[in-house]
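Source file: input_34.cif; contents: mmCIF, C-alpha atoms and all ligand atoms.
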data_entry
#
loop_
_atom_site.label_atom_id
_atom_site.label_comp_id
_atom_site.auth_asym_id
_atom_site.auth_seq_id
_atom_site.Cartn_x
_atom_site.Cartn_y
_atom_site.Cartn_z
CA MET A 1 -29.46 -36.00 -11.25
CA LEU A 2 -28.10 -35.13 -7.81
CA GLU A 3 -24.97 -33.82 -9.46
CA ALA A 4 -27.01 -31.56 -11.75
CA ALA A 5 -29.01 -30.24 -8.79
CA THR A 6 -25.81 -29.55 -6.83
CA ARG A 7 -24.42 -27.69 -9.83
CA LEU A 8 -27.54 -25.54 -10.02
CA LEU A 9 -27.11 -24.43 -6.41
CA LYS A 10 -23.38 -23.80 -6.60
CA PRO A 11 -22.29 -20.15 -6.69
CA SER A 12 -19.91 -19.25 -9.53
CA ALA A 13 -16.20 -19.39 -8.82
CA ARG A 14 -15.90 -15.65 -9.55
CA SER A 15 -18.40 -14.85 -6.77
CA ASN A 16 -16.07 -16.46 -4.25
CA VAL A 17 -14.69 -13.16 -2.92
CA PRO A 18 -13.60 -12.90 0.73
CA PRO A 19 -15.92 -11.22 3.24
CA PHE A 20 -15.14 -7.83 4.80
CA MET A 21 -14.06 -8.64 8.37
CA VAL A 22 -15.07 -5.23 9.66
CA MET A 23 -18.63 -6.50 9.27
CA ASP A 24 -17.88 -9.20 11.83
CA VAL A 25 -16.57 -6.55 14.24
CA MET A 26 -19.73 -4.49 13.67
CA ALA A 27 -21.93 -7.50 14.40
CA ALA A 28 -20.01 -8.26 17.61
CA ALA A 29 -20.27 -4.61 18.68
CA ALA A 30 -24.03 -4.67 18.03
CA ARG A 31 -24.37 -7.75 20.27
CA ILE A 32 -22.55 -5.99 23.12
CA GLU A 33 -24.77 -2.93 22.73
CA ALA A 34 -27.94 -5.03 22.58
CA ALA A 35 -26.92 -6.51 25.93
CA GLY A 36 -26.62 -2.97 27.39
CA GLY A 37 -22.84 -2.55 26.96
CA ARG A 38 -21.09 0.60 25.75
CA VAL A 39 -18.95 0.55 22.60
CA VAL A 40 -16.92 3.40 21.11
CA HIS A 41 -17.18 2.90 17.37
CA MET A 42 -13.97 3.37 15.42
CA GLU A 43 -14.43 0.48 13.02
CA VAL A 44 -16.56 1.71 10.13
CA GLY A 45 -15.14 4.24 7.69
CA GLN A 46 -18.09 6.55 7.61
CA PRO A 47 -18.75 10.08 8.85
CA ALA A 48 -21.01 10.43 11.88
CA ALA A 49 -22.31 13.80 10.60
CA PRO A 50 -25.36 13.99 8.31
CA ALA A 51 -25.37 15.15 4.69
CA PRO A 52 -25.25 18.94 4.17
CA GLN A 53 -28.54 20.65 5.00
CA THR A 54 -28.60 22.03 1.45
CA ALA A 55 -28.61 18.45 0.10
CA ILE A 56 -31.36 17.31 2.45
CA ALA A 57 -33.54 20.33 1.61
CA ALA A 58 -33.08 19.78 -2.14
CA ALA A 59 -34.02 16.11 -1.79
CA ARG A 60 -37.14 17.04 0.22
CA ALA A 61 -38.20 19.53 -2.45
CA ALA A 62 -37.65 16.96 -5.20
CA LEU A 63 -39.66 14.35 -3.30
CA ALA A 64 -42.50 16.82 -2.85
CA THR A 65 -42.91 17.06 -6.62
CA GLY A 66 -43.85 13.39 -6.55
CA ARG A 67 -41.74 12.51 -9.59
CA ILE A 68 -38.46 10.71 -9.23
CA ASP A 69 -37.48 9.47 -12.67
CA TYR A 70 -34.64 7.82 -14.50
CA THR A 71 -32.03 10.33 -15.56
CA GLU A 72 -29.60 10.20 -18.45
CA ALA A 73 -27.23 7.28 -17.97
CA LEU A 74 -24.20 9.54 -17.59
CA GLY A 75 -26.03 11.63 -14.97
CA MET A 76 -28.09 14.81 -14.76
CA PRO A 77 -26.45 17.44 -16.99
CA ALA A 78 -26.58 20.04 -14.20
CA LEU A 79 -24.73 17.74 -11.80
CA ARG A 80 -22.11 16.81 -14.41
CA ALA A 81 -21.54 20.51 -15.13
CA ARG A 82 -21.28 21.29 -11.39
CA ILE A 83 -18.73 18.53 -10.85
CA ALA A 84 -16.69 19.84 -13.80
CA ARG A 85 -16.79 23.31 -12.21
CA HIS A 86 -15.53 21.76 -8.97
CA TYR A 87 -12.26 20.84 -10.76
CA ALA A 88 -11.81 24.44 -11.88
CA GLU A 89 -12.61 25.85 -8.44
CA ARG A 90 -10.71 23.41 -6.30
CA TYR A 91 -7.69 22.50 -8.41
CA GLY A 92 -7.64 25.12 -11.16
CA VAL A 93 -7.97 22.32 -13.72
CA ALA A 94 -10.27 22.53 -16.75
CA VAL A 95 -12.30 19.33 -17.11
CA GLU A 96 -15.09 19.18 -19.69
CA ALA A 97 -18.52 18.23 -18.28
CA ASP A 98 -18.74 15.67 -21.12
CA ARG A 99 -16.06 13.62 -19.35
CA ILE A 100 -17.97 13.41 -16.04
CA VAL A 101 -19.96 10.24 -15.34
CA VAL A 102 -22.22 10.13 -12.28
CA THR A 103 -21.99 6.73 -10.57
CA THR A 104 -23.70 4.81 -7.77
CA GLY A 105 -21.04 5.68 -5.22
CA SER A 106 -17.43 5.23 -6.17
CA SER A 107 -18.03 1.49 -5.77
CA ALA A 108 -20.00 1.37 -9.03
CA GLY A 109 -17.41 3.71 -10.53
CA PHE A 110 -14.79 0.99 -10.05
CA ILE A 111 -16.97 -1.64 -11.71
CA LEU A 112 -17.64 0.64 -14.70
CA ALA A 113 -14.00 1.69 -14.97
CA PHE A 114 -12.61 -1.83 -14.71
CA LEU A 115 -15.12 -3.12 -17.29
CA ALA A 116 -14.34 -0.27 -19.67
CA LEU A 117 -10.55 -0.49 -19.26
CA PHE A 118 -9.63 -4.14 -18.82
CA GLU A 119 -10.06 -7.53 -20.43
CA PRO A 120 -10.42 -10.73 -18.37
CA GLY A 121 -6.94 -11.84 -17.32
CA ASP A 122 -5.51 -8.30 -17.29
CA ARG A 123 -3.16 -7.57 -14.39
CA VAL A 124 -3.75 -4.47 -12.30
CA ALA A 125 -1.30 -3.22 -9.66
CA LEU A 126 -2.61 -2.14 -6.26
CA ALA A 127 -0.82 -0.90 -3.14
CA ASN A 128 -0.66 -3.27 -0.20
CA PRO A 129 -2.12 -2.42 2.31
CA GLY A 130 -5.18 -1.20 0.46
CA TYR A 131 -8.97 -1.01 0.28
CA PRO A 132 -10.11 -4.66 -0.11
CA PRO A 133 -12.90 -4.17 -2.71
CA TYR A 134 -10.33 -3.08 -5.33
CA ARG A 135 -8.90 -6.58 -5.43
CA HIS A 136 -12.22 -8.32 -4.89
CA ILE A 137 -14.02 -6.43 -7.69
CA LEU A 138 -11.11 -7.03 -10.08
CA ALA A 139 -11.12 -10.73 -9.21
CA ALA A 140 -14.89 -11.01 -9.66
CA LEU A 141 -14.48 -9.47 -13.12
CA GLY A 142 -11.83 -12.01 -14.04
CA CYS A 143 -8.86 -9.63 -13.77
CA GLU A 144 -5.78 -10.28 -11.67
CA PRO A 145 -5.03 -7.90 -8.78
CA VAL A 146 -1.25 -7.61 -8.28
CA LEU A 147 -0.36 -6.43 -4.79
CA ILE A 148 2.70 -4.21 -4.52
CA GLU A 149 4.24 -3.99 -1.07
CA THR A 150 4.65 -0.46 0.30
CA THR A 151 6.78 0.77 3.17
CA ALA A 152 7.25 3.75 5.45
CA ALA A 153 10.21 4.88 3.32
CA THR A 154 7.83 5.84 0.48
CA ARG A 155 4.96 7.02 2.67
CA TRP A 156 3.17 3.71 2.00
CA ALA A 157 2.70 4.47 -1.69
CA ILE A 158 3.63 2.49 -4.80
CA THR A 159 6.89 3.81 -6.24
CA VAL A 160 7.88 4.01 -9.89
CA GLU A 161 10.65 1.48 -9.21
CA ALA A 162 8.30 -1.04 -7.59
CA LEU A 163 5.72 -0.60 -10.35
CA ILE A 164 8.25 -1.09 -13.13
CA ALA A 165 9.82 -4.07 -11.36
CA ALA A 166 6.40 -5.78 -11.14
CA HIS A 167 5.73 -4.91 -14.80
CA ARG A 168 9.06 -6.42 -15.89
CA THR A 169 8.28 -9.62 -13.99
CA LYS A 170 4.99 -9.99 -15.87
CA PRO A 171 3.31 -7.16 -17.82
CA LEU A 172 0.69 -5.07 -16.03
CA GLN A 173 -2.22 -3.49 -17.88
CA GLY A 174 -3.16 -1.03 -15.16
CA VAL A 175 -2.41 0.51 -11.79
CA LEU A 176 -4.74 2.02 -9.20
CA VAL A 177 -3.60 4.42 -6.49
CA ALA A 178 -5.44 6.22 -3.69
CA SER A 179 -4.38 9.39 -1.89
CA PRO A 180 -5.40 9.88 0.90
CA ALA A 181 -5.52 6.11 1.24
CA ASN A 182 -7.59 3.63 3.16
CA PRO A 183 -6.60 2.04 5.58
CA THR A 184 -3.34 3.92 6.06
CA GLY A 185 -4.59 7.52 5.92
CA THR A 186 -1.33 8.38 4.12
CA MET A 187 -0.98 10.57 1.04
CA ILE A 188 1.17 10.72 -2.07
CA ARG A 189 3.08 13.93 -2.78
CA ALA A 190 2.18 15.67 -6.05
CA GLU A 191 5.62 14.98 -7.58
CA ALA A 192 5.42 11.28 -6.71
CA LEU A 193 1.93 11.01 -8.23
CA ALA A 194 3.09 12.79 -11.39
CA ALA A 195 6.05 10.41 -11.70
CA LEU A 196 3.79 7.39 -11.27
CA VAL A 197 1.26 8.56 -13.86
CA ALA A 198 4.05 9.29 -16.37
CA ALA A 199 5.82 5.96 -15.78
CA ALA A 200 2.60 3.93 -15.97
CA GLN A 201 1.46 5.56 -19.17
CA ALA A 202 4.89 5.31 -20.78
CA GLU A 203 4.67 1.55 -20.23
CA GLY A 204 1.13 1.37 -21.65
CA MET A 205 -0.61 0.91 -18.29
CA ARG A 206 -4.01 2.46 -17.59
CA PHE A 207 -3.98 4.75 -14.56
CA ILE A 208 -6.84 4.91 -12.06
CA SER A 209 -6.79 7.42 -9.22
CA ASP A 210 -9.18 6.92 -6.28
CA GLU A 211 -9.68 10.46 -4.94
CA ILE A 212 -12.61 9.70 -2.63
CA TYR A 213 -10.86 11.22 0.42
CA HIS A 214 -9.93 14.48 -1.29
CA GLY A 215 -10.95 17.42 0.88
CA LEU A 216 -10.01 15.46 4.02
CA ASP A 217 -6.33 16.34 4.18
CA TYR A 218 -4.43 17.70 7.17
CA ALA A 219 -0.77 17.65 6.19
CA PHE A 220 -0.61 18.86 2.58
CA ALA A 221 -3.05 19.34 -0.31
CA PRO A 222 -3.75 16.28 -2.46
CA GLU A 223 -3.05 16.38 -6.19
CA THR A 224 -5.65 15.26 -8.72
CA ALA A 225 -4.60 12.97 -11.54
CA ALA A 226 -6.98 15.02 -13.72
CA ARG A 227 -4.26 17.68 -13.90
CA LEU A 228 -1.59 15.14 -14.83
CA SER A 229 -3.14 13.28 -17.73
CA PRO A 230 -6.36 13.41 -19.79
CA ASP A 231 -6.06 9.62 -20.05
CA ALA A 232 -6.16 8.93 -16.30
CA VAL A 233 -9.46 7.73 -14.83
CA ILE A 234 -10.45 9.57 -11.66
CA ILE A 235 -12.91 8.05 -9.21
CA ASN A 236 -14.58 10.17 -6.53
CA SER A 237 -17.68 10.18 -4.37
CA PHE A 238 -20.04 12.21 -2.22
CA SER A 239 -19.71 9.57 0.54
CA LYS A 240 -16.81 10.92 2.58
CA TYR A 241 -16.20 14.70 2.42
CA PHE A 242 -19.93 15.36 1.88
CA CYS A 243 -21.02 12.75 4.50
CA MET A 244 -23.41 11.06 2.03
CA THR A 245 -22.50 7.36 2.28
CA GLY A 246 -26.06 6.01 2.12
CA TRP A 247 -27.09 8.21 -0.80
CA ARG A 248 -24.86 6.10 -3.04
CA VAL A 249 -23.67 8.77 -5.41
CA GLY A 250 -20.21 9.37 -6.79
CA TRP A 251 -18.51 10.25 -10.04
CA MET A 252 -15.82 9.38 -12.53
CA VAL A 253 -13.73 11.59 -14.76
CA ALA A 254 -13.25 9.42 -17.81
CA PRO A 255 -10.89 9.94 -20.76
CA GLY A 256 -12.98 11.35 -23.64
CA ALA A 257 -12.50 8.22 -25.74
CA LEU A 258 -13.96 6.00 -23.02
CA VAL A 259 -17.10 7.97 -22.18
CA ARG A 260 -19.34 6.26 -24.71
CA ALA A 261 -18.23 2.80 -23.53
CA VAL A 262 -18.94 3.75 -19.92
CA GLU A 263 -22.30 5.18 -20.96
CA ARG A 264 -23.29 1.93 -22.69
CA LEU A 265 -22.25 -0.08 -19.64
CA GLN A 266 -24.17 2.19 -17.27
CA GLN A 267 -27.29 2.09 -19.50
CA ASN A 268 -27.28 -1.69 -19.25
CA LEU A 269 -26.07 -2.23 -15.70
CA ALA A 270 -28.03 0.44 -13.84
CA ILE A 271 -29.95 2.64 -16.34
CA SER A 272 -29.09 5.61 -14.14
CA VAL A 273 -28.03 6.63 -10.65
CA PRO A 274 -31.04 7.36 -8.37
CA MET A 275 -32.32 10.80 -9.29
CA LEU A 276 -33.06 11.80 -5.70
CA SER A 277 -29.41 11.27 -4.81
CA GLN A 278 -28.24 13.25 -7.82
CA VAL A 279 -30.47 16.18 -6.86
CA ALA A 280 -29.05 16.06 -3.32
CA ALA A 281 -25.47 15.79 -4.62
CA LEU A 282 -25.89 18.88 -6.77
CA ALA A 283 -27.05 20.89 -3.77
CA ALA A 284 -24.29 19.43 -1.57
CA PHE A 285 -21.78 21.72 -3.29
CA ASP A 286 -23.62 24.65 -1.63
CA GLY A 287 -23.08 23.05 1.80
CA ARG A 288 -19.31 23.29 1.83
CA ALA A 289 -19.16 25.61 4.87
CA GLU A 290 -21.02 22.99 6.88
CA MET A 291 -18.70 20.26 5.64
CA GLU A 292 -15.59 22.32 6.47
CA ALA A 293 -16.86 22.49 10.07
CA VAL A 294 -17.17 18.68 10.06
CA LYS A 295 -13.63 18.44 8.70
CA HIS A 296 -12.36 20.65 11.54
CA GLY A 297 -13.90 18.12 13.90
CA TYR A 298 -11.83 15.35 12.26
CA GLU A 299 -8.75 17.53 12.59
CA ALA A 300 -9.37 17.90 16.33
CA ASN A 301 -9.93 14.13 16.65
CA ARG A 302 -6.71 13.46 14.76
CA ARG A 303 -4.81 15.69 17.20
CA ILE A 304 -6.31 13.88 20.20
CA LEU A 305 -5.21 10.50 18.85
CA ILE A 306 -1.73 11.63 17.78
CA ASP A 307 -1.13 13.30 21.15
CA ARG A 308 -2.62 10.67 23.45
CA LEU A 309 -2.37 7.23 21.83
CA PRO A 310 1.39 6.90 22.48
CA ALA A 311 0.93 7.32 26.25
CA ALA A 312 -1.93 4.81 26.07
CA GLY A 313 0.52 2.27 24.62
CA LEU A 314 0.07 2.57 20.84
CA ASP A 315 3.08 4.62 19.84
CA ARG A 316 3.75 3.21 16.38
CA PHE A 317 1.45 4.45 13.64
CA LEU A 318 1.73 5.65 10.06
CA PRO A 319 1.74 9.38 9.18
CA VAL A 320 -1.82 10.60 9.79
CA ASP A 321 -2.03 12.66 6.58
CA GLY A 322 -5.65 12.50 5.48
CA ALA A 323 -9.03 10.72 5.31
CA PHE A 324 -10.09 9.81 8.86
CA TYR A 325 -7.93 6.79 9.56
CA LEU A 326 -5.04 6.01 11.82
CA TYR A 327 -3.20 2.74 11.11
CA ALA A 328 -1.44 1.51 14.23
CA ASP A 329 1.20 -1.20 14.58
CA VAL A 330 0.10 -3.47 17.43
CA SER A 331 2.81 -6.12 16.98
CA ARG A 332 4.17 -5.38 20.47
CA PHE A 333 0.95 -6.83 21.85
CA SER A 334 -0.18 -9.37 19.27
CA ASN A 335 0.57 -10.76 15.83
CA ASP A 336 -3.08 -11.64 15.33
CA SER A 337 -4.89 -8.38 14.60
CA PHE A 338 -8.26 -10.10 14.35
CA ASP A 339 -7.90 -11.52 17.86
CA PHE A 340 -6.52 -8.17 19.11
CA ALA A 341 -9.55 -6.29 17.69
CA LYS A 342 -11.92 -8.87 19.16
CA ARG A 343 -10.37 -8.58 22.62
CA MET A 344 -10.17 -4.79 22.47
CA LEU A 345 -13.89 -4.77 21.69
CA GLU A 346 -14.89 -7.28 24.37
CA GLU A 347 -12.53 -6.09 27.11
CA ALA A 348 -12.13 -2.34 26.41
CA GLY A 349 -15.36 -1.57 24.53
CA VAL A 350 -13.54 -0.03 21.55
CA ALA A 351 -14.36 -1.32 18.06
CA ALA A 352 -11.63 -1.04 15.41
CA THR A 353 -10.82 -2.96 12.21
CA PRO A 354 -8.12 -5.64 12.02
CA GLY A 355 -5.41 -4.83 9.49
CA ILE A 356 -5.74 -8.30 8.03
CA ASP A 357 -8.80 -7.01 6.16
CA PHE A 358 -6.56 -4.65 4.19
CA ASP A 359 -3.26 -6.47 3.99
CA PRO A 360 -2.96 -10.23 3.64
CA VAL A 361 0.84 -10.01 4.19
CA ASN A 362 1.47 -7.79 7.24
CA GLY A 363 -2.04 -6.86 8.31
CA HIS A 364 -1.89 -9.26 11.25
CA ASN A 365 0.29 -6.63 12.94
CA PHE A 366 -2.00 -3.60 12.39
CA ILE A 367 -5.31 -2.12 13.52
CA ARG A 368 -7.24 0.64 11.72
CA PHE A 369 -8.98 3.29 13.76
CA CYS A 370 -11.56 5.57 12.14
CA TYR A 371 -11.73 8.98 13.82
CA ALA A 372 -14.91 10.30 12.18
CA ARG A 373 -16.99 10.52 15.38
CA SER A 374 -17.00 13.02 18.26
CA ALA A 375 -13.98 14.35 20.19
CA ASP A 376 -15.52 12.94 23.39
CA ASP A 377 -15.59 9.50 21.76
CA MET A 378 -11.89 9.87 20.87
CA ARG A 379 -10.93 10.79 24.45
CA GLU A 380 -13.00 7.96 25.85
CA ALA A 381 -11.51 5.48 23.38
CA VAL A 382 -7.93 6.44 24.23
CA ALA A 383 -8.64 6.19 27.99
CA ARG A 384 -10.25 2.77 27.53
CA ILE A 385 -7.41 1.50 25.32
CA GLY A 386 -4.80 2.81 27.79
CA GLY A 387 -6.44 1.08 30.75
CA TRP A 388 -6.91 -2.13 28.82
CA LEU A 389 -3.34 -2.30 27.49
CA ARG A 390 -2.00 -1.74 31.02
CA ARG A 391 -4.10 -4.68 32.20
CA VAL A 392 -2.94 -6.79 29.25
CA ARG A 393 0.70 -6.03 30.02
CA GLN A 394 0.31 -6.68 33.73
CA PRO A 395 -2.25 -9.48 33.95
CA GLY A 396 -4.12 -9.62 37.23
CA LYS A 397 -3.57 -5.95 38.09
CA PRO A 398 -6.63 -3.67 37.97
CA ALA A 399 -6.34 -0.83 35.47
C1 LIG B 1 -10.65 4.10 -0.55
C2 LIG B 1 -12.12 3.92 -0.77
N1 LIG B 1 -12.59 3.94 -2.02
C3 LIG B 1 -13.90 3.74 -2.26
C4 LIG B 1 -14.81 3.53 -1.24
C5 LIG B 1 -16.27 3.28 -1.60
O1 LIG B 1 -17.09 4.33 -1.23
P1 LIG B 1 -18.49 4.68 -1.92
O2 LIG B 1 -18.90 3.54 -2.77
O3 LIG B 1 -19.41 4.93 -0.79
O4 LIG B 1 -18.25 5.91 -2.75
C6 LIG B 1 -14.37 3.53 0.08
C7 LIG B 1 -15.32 3.29 1.19
O5 LIG B 1 -14.96 3.15 2.33
C8 LIG B 1 -12.99 3.73 0.32
O6 LIG B 1 -12.49 3.74 1.57
#
As structure tokens, please, write out the structure in this file.
Amino acid sequence: MLEAATRLLKPSARSNVPPFMVMDVMAAAARIEAAGGRVVHMEVGQPAAPAPQTAIAAARAALATGRIDYTEALGMPALRARIARHYAERYGVAVEADRIVVTTGSSAGFILAFLALFEPGDRVALANPGYPPYRHILAALGCEPVLIETTAATRWAITVEALIAAHRTKPLQGVLVASPANPTGTMIRAEALAALVAAAQAEGMRFISDEIYHGLDYAFAPETAARLSPDAVIINSFSKYFCMTGWRVGWMVAPGALVRAVERLQQNLAISVPMLSQVAALAAFDGRAEMEAVKHGYEANRRILIDRLPAAGLDRFLPVDGAFYLYADVSRFSNDSFDFAKRMLEEAGVAATPGIDFDPVNGHNFIRFCYARSADDMREAVARIGGWLRRVRQPGKPA
């Protein structure tokens, strides 16, 4: 009896995914602020700027009509057509609107893609370090995430050699790459991406490209996998470049043969993406000038960090290619990045994310900074970190 009751209350084994530690940092920062303290926020990967004015105005107008309905499961035809046009305009690549699926942020895009592509037990290669939900969603769906170690030598990207070596050890059914990547902010060169797509597909692996940070590049232009193969699955979102995290709207470019499967899944899992968000997303494409100004702000922030962090004591970080992240090696100070982030928050008032969230192997040596807020915040953060690290290195001495 008691056993049966306990069983009823027990969560499924597949729901046993790890928490996102950045949430703990956010909660600790909120406590400091509630007590009147000042915190510079560099922990959460979200733009501080609002959605484009064009998007907000379109949403207001749609609300005023009083009718917000379901849409077609694959998305509003006008939005799907506009996204297809985006590939022609931005990359010079022809993508049929029929292959575009509007999703509830890229997060739901991953769930739909993994369900449509993989069987339970399938093995999917991911770069380590990487965005934690990739492995957690795969695990929750009964697939096996296979972490492939990356190094500075290959700009922190999976190489063809490493992919094939993992595949020879035990066959892989898929591989997911991101460029620009989270947490590293590094990018894959077009030739390297092309080689990876070709190698994966030659070995029968499905290829998924997370392009959510496209548009936020500072070193060289990112390549889209849509140019490289009609069989690659591309995941993207309005969350980052268009500053629309809370609107929960993104998209997928699916291979033609998969669209119907994705449509059936979406019909059953969500019916449709919220219409209000789709209306706003369509109008967001007209707000690009505003978003380019926001991007220039990130570029200025990136410069401040690259120029000033070394003198403040953090002089080892990965190439700051894109997105709005800087991934710093803090092993000179600590080999416990969670404790380092906690102390930096409590003692310096700067919130950042411990690398251990993104990399179970070496993440204890790294901290991720998000530079999506104001330039003043960046200057203040560097000054606070510099003063704090001097105190840490010379205990007892005032900064
Ligand atoms: C690499 C990467 N992919 C996907 C996502 C999910 O974003 P969303 O669901 O808001 O589109 C994030 C969010 O931080 C991310 O960093």
Give me, as a VMD selection string, the set of residues whose atoms come within 9 Å of any atom of ligand LIG 1 (chain B), counting all atoms listed in the file. chain A and resid 44 to 46 103 to 110 130 to 134 178 to 183 210 to 213 235 to 240 244 to 251 323
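From atom CA of A:Ile164 back to atom CA of A:Ala202, the distance works out to 10.5 Å.
Shortest separation to A:Met26 among A:Val233, A:Ala293, A:Leu345, A:Ala116 occurs at residue A:Leu345, atoms counted being only C-alpha atoms.
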Set the distance at 10 Å and use only C-alpha atoms: which residues neighbour A:Gly37 once local chain neighbours fewer than 5 positions away are removed? I'd like the list as a PDB file with C-alpha atoms, in the frame of the given file.
ATOM      1  CA  ALA A  29     -20.270  -4.610  18.680  1.00  0.00           C
ATOM      2  CA  ALA A  30     -24.030  -4.670  18.030  1.00  0.00           C
ATOM      3  CA  ARG A  31     -24.370  -7.750  20.270  1.00  0.00           C
ATOM      4  CA  ILE A  32     -22.550  -5.990  23.120  1.00  0.00           C
ATOM      5  CA  GLU A 346     -14.890  -7.280  24.370  1.00  0.00           C
ATOM      6  CA  GLY A 349     -15.360  -1.570  24.530  1.00  0.00           C
TER       7      GLY A 349
END
Got a sec: who's within 10 Å of A:Asp217, counting only C-alpha atoms, leaving out chain neighbours fewer than 5 positions off, as a count of residues only? 14
Nearest-residue call for A:Arg99, choices A:Leu389, A:Met23, A:Ala84, A:Ala35, using only C-alpha atoms: A:Ala84
Atom CA of A:Gln266 to atom CA of A:Leu117: how many Å, to one decimal? 14.0 Å
Taking all atoms listed in the file into account, which of A:Arg206, A:Arg373, A:Arg123, A:Arg168 comes nearest A:Gly297? A:Arg373
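In this comparison, which uses only C-alpha atoms, the residue of A:Gly287, A:Pro77, A:Pro19, A:Pro129 approaching A:Thr54 most closely is A:Gly287.
With all atoms listed in the file as the atoms that count, the residue of A:Ala13, A:Ala4, A:Ala372, A:Ala97 with the shortest distance to A:Tyr325 is A:Ala372.
Considering all atoms listed in the file, the residue among A:Val124, A:Phe20, A:Glu3, A:Glu96 positioned nearest to A:Gly355 is A:Phe20.
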Nearby residues, (4.0, 2.0, -7.4) file frame, 12 Å, all atoms listed in the file, as a PyMOL selection string: chain A and resi 124-128+146-151+154-167+172+174-178+188+192-200+205+207
Within 10 Å of stretch 279-285 of chain A using all atoms listed in the file, minus same-chain residues under 6 positions, as a PyMOL selection string: chain A and resi 51-62+68+76+78-83+86+237-239+242-244+247-250+291
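We find atom CA of A:Ser209 and atom CA of A:Pro274 to be spaced 24.3 Å apart.
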With 8 Å as the threshold, what does the neighbourhood of (-31.0, 12.7, -12.8) contain in terms of residues, counting all atoms listed in the file? Coordinates are those of the file; answer as a ChimeraX atom specification. /A:69-72,75-77,272-276,278-279
Which residues, written as a VMD selection string, have at least one atom at most 12 Å from A:Gly386, with all atoms listed in the file counted and residues fewer than 6 positions away on the same chain left out? chain A and resid 305 308 to 315 344 347 to 350 379 to 380 392 to 393 399
Find the residues around A:Lys342 up to 9 Å (all atoms listed in the file counted), leave out those fewer than 3 positions away in its own chain, and share them as a VMD selection string. chain A and resid 25 28 337 to 339 345 to 347 351 to 352 354
